[in-house]
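Read through the structure below, which is laid out as structure tokens, and then see the notes.
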Amino acid sequence: MWWVRRTRYWFSTLLYAGGARLRPGRRTASGGLETPGSCGAELQGELDRFGGVSVHLSRHHTLHGLDAAAFRRLLQAAIQQWRSEGRIAAWLHIPILQSHFIAPAASLGFCFHHAKPHSSTLTLWLGEGPSRLPGYATHQVGVAGAVFDVSTRKVLVVQDRNKLKNMWKFPGGLSEPGEDIDTAVREVFEETGVKSEFRSLLSIRQQHRSPGAFGMSDMYLVCRLQPRSFTINFCQQECLKCEWIDLENLARTKHTTPITSRVARLLLYGLREGFDKIDLSMEELPAVYTGLFYKLYHRELPESYKAATGAD
């Protein structure tokens with residue numbers, strides 16, 4: 001099946017329901033399901049369009065007070081039902097307060113897929129051959145803002161308090177779940193007290209096995225921001241220094257990080273040749289999922305070209 005070859009970020013699509021429900025056990029005359037030894041408890045699953053089923057234990061109030069042995073019998077019956085229906089995978093979402101159900105699930109072949117602060121997700125491959133389920137999409141996204149004032153040709157930089165070397169860098173931090181790239185505006189304000197406005201995406205750094213990201217992959221994005229205020233009131237806990245520095249001096253100094261030096265030269269090129277040469281502008285477009293939108297970053301296209309190619 002094509003979905004098992006997709007990259008790991010497709011995992012989120014597996015968790016959304018198709019609206020169907022599964023109840024393990026024999027069908028009763030009333031059309032319900034009954035599982036022997038479960039005291040009337042039922043596991044209700046949600047089918048996804050890839051042939052898998054997700055079970056959220058937090059939605060099963062009948063499981064309250066059920067011991068591990070009874071849950072194991074209930075889950076075992078459900079697995080048999082799913083196999084008979086040709087399901088190829090099961091996702092079991094267990095709240096932290098129901099963690100005593102993890103051991104019986106593991107005894108039936110379930111493995112950890114990922115964990116969140118208040119729940120864990122286990123998976124069981126029901127298809128033929130080795131599991132082809134995607135791994136959990138685990139990475140870290142950092143954002144930084146190159147706040148550049150064209151009128152003074154100065155750019156805002158900081159020195160981290162907790163670094164071994166006092167190197168100039170652009171202010172920024174980690175993007176929170178659900179935040180867009182332009183969260184650099186928030187990070188800059190919290191770190192320096194300077195208000196700014198998003199103008200473009202300048203660069204993307206990608207690295208893997210990063211010690212600063214718990215050994216996972218790391219994305220670091222630098223945005224061009226336009227200042228809306230100039231008074232510095234930097235965070236004393238995070239920053240040792242914060243200054244407006246002449247862009248040409250920043251591009252020449254050795255007291256900076258490699259990425260800061262490269263972006264400073266990029267800004268210098270944009271200042272002299274036009275920012276359209278370096279900017280990746282942002283446009284919000286509707287996603288294929290009804291009611292959702294995404295932000296696309298690319299070099300600006302003329303309106304006539306958009307209309308001619310149907311790019312809008």
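Identifiers in the structure tokens: chain A, B, ... in order shown; residue index from 1 per chain; ligand index from 1 in order shown.
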
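Residues lying within 10 Å of A:Leu126, counting only C-alpha atoms and ignoring same-chain neighbours fewer than 5 positions away, are Gly52, Ile79, Gln80, Trp82, Arg83, Gly86, Arg87, Ile88, Ala89, Ala90, Gly109 and Ser131 of chain A.
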
Neighbour list for A:Ala69 as a PyMOL selection string, cut-off 10 Å, only C-alpha atoms, skip fewer than 6 positions in-chain: chain A and resi 38+75+101+103-104

What's the 12 Å shell around stretch 150-166 of chain A, counting only C-alpha atoms, without same-chain residues fewer than 6 positions away, as number ranges by chain? A: 144, 172-173, 188-189, 191-196, 224-227, 229-251, 254-257, 260-261, 263-265, 267-268, 270-272, 274-275

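Residues in contact range of A:Ser58, defined as at most 10 Å between only C-alpha atoms, with sequence neighbours fewer than 4 positions away removed, read A:Leu63, A:His64, A:His93, A:Ile94, A:Pro95, A:Ile96, A:Leu97, A:Gln98, A:Ser119.
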
Output C-alpha atoms of each residue in that selection to a file, as a PDB file, in the first residue's frame.
ATOM      1  CA  LEU A  63     -12.808   0.571  31.236  1.00  0.00           C
ATOM      2  CA  HIS A  64     -12.697   2.384  34.580  1.00  0.00           C
ATOM      3  CA  HIS A  93      -3.649   5.649  22.798  1.00  0.00           C
ATOM      4  CA  ILE A  94      -3.294   5.213  26.565  1.00  0.00           C
ATOM      5  CA  PRO A  95      -3.704   8.099  29.058  1.00  0.00           C
ATOM      6  CA  ILE A  96      -1.035   8.299  31.728  1.00  0.00           C
ATOM      7  CA  LEU A  97      -3.557   7.422  34.458  1.00  0.00           C
ATOM      8  CA  GLN A  98      -4.331   4.164  32.627  1.00  0.00           C
ATOM      9  CA  SER A 119      -0.438   9.894  27.130  1.00  0.00           C
TER      10      SER A 119
END

As an MDAnalysis selection string, please: all residues of stretch 88-304 of chain A that backbone DSSP puts in strand (DSSP E). chainID A and resid 89:95 111:116 119:125 139:149 154:160 172:174 196:207 217:227 239:246 281:286 293:298

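Atom CA of A:Ala287 is positioned 23.4 Å from atom CA of A:Gln140.
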
Neighbours of A:Phe110 within 6 Å (only C-alpha atoms; same-chain residues fewer than 5 positions away dropped), as a PyMOL selection string? chain A and resi 105+122-124

Residues of stretch 19-260 of chain A classed as helix (DSSP H, G or I) by DSSP on the backbone are to be reported as a VMD selection string. chain A and resid 57 to 59 61 to 63 68 to 84 96 to 107 181 to 192 211 to 213 247 to 252 258 to 260

Within 12 Å of stretch 290-298 of chain A, counting only C-alpha atoms, which residues qualify if same-chain residues fewer than 3 places away don't, as an mmCIF file with C-alpha atoms, in the first residue's frame?
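After the write, around_3.cif holds the following:
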data_model
loop_
_atom_site.group_PDB
_atom_site.id
_atom_site.type_symbol
_atom_site.label_atom_id
_atom_site.label_comp_id
_atom_site.auth_asym_id
_atom_site.auth_seq_id
_atom_site.Cartn_x
_atom_site.Cartn_y
_atom_site.Cartn_z
ATOM 1 C CA GLY A 178 1.402 24.955 16.364
ATOM 2 C CA GLU A 179 3.515 28.057 15.726
ATOM 3 C CA ASP A 180 4.558 29.237 12.273
ATOM 4 C CA ILE A 181 7.988 30.347 11.144
ATOM 5 C CA ASP A 182 7.126 33.981 11.803
ATOM 6 C CA ARG A 199 9.318 40.299 5.969
ATOM 7 C CA SER A 200 10.744 37.064 4.565
ATOM 8 C CA LEU A 201 12.505 33.764 5.136
ATOM 9 C CA LEU A 202 16.246 34.053 4.506
ATOM 10 C CA SER A 203 17.808 30.675 5.212
ATOM 11 C CA ILE A 204 17.238 27.152 6.519
ATOM 12 C CA LEU A 221 15.317 29.071 10.183
ATOM 13 C CA CYS A 223 13.869 35.338 9.013
ATOM 14 C CA ASP A 276 13.932 40.408 -4.046
ATOM 15 C CA LYS A 277 17.234 38.649 -4.791
ATOM 16 C CA ILE A 278 17.307 36.960 -1.375
ATOM 17 C CA ASP A 279 13.780 36.939 0.049
ATOM 18 C CA LEU A 280 11.537 33.907 0.253
ATOM 19 C CA SER A 281 8.159 35.532 0.739
ATOM 20 C CA MET A 282 5.170 33.870 2.372
ATOM 21 C CA GLU A 283 1.691 33.194 1.015
ATOM 22 C CA GLU A 284 -1.136 31.408 2.803
ATOM 23 C CA LEU A 285 -2.941 28.813 0.698
ATOM 24 C CA PRO A 286 -5.842 26.412 1.375
ATOM 25 C CA ALA A 287 -4.833 22.844 2.202
ATOM 26 C CA LEU A 301 6.126 35.620 -8.569
ATOM 27 C CA ALA A 311 -0.331 29.141 -9.383
ATOM 28 C CA ASP A 312 -2.881 30.962 -7.262
#

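Between atom CA of A:Glu190 and atom CA of A:Tyr269 lies a distance of 28.6 Å.
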
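Between atom CA of A:Leu108 and atom CA of A:Val55 the interatomic distance comes to 15.2 Å.
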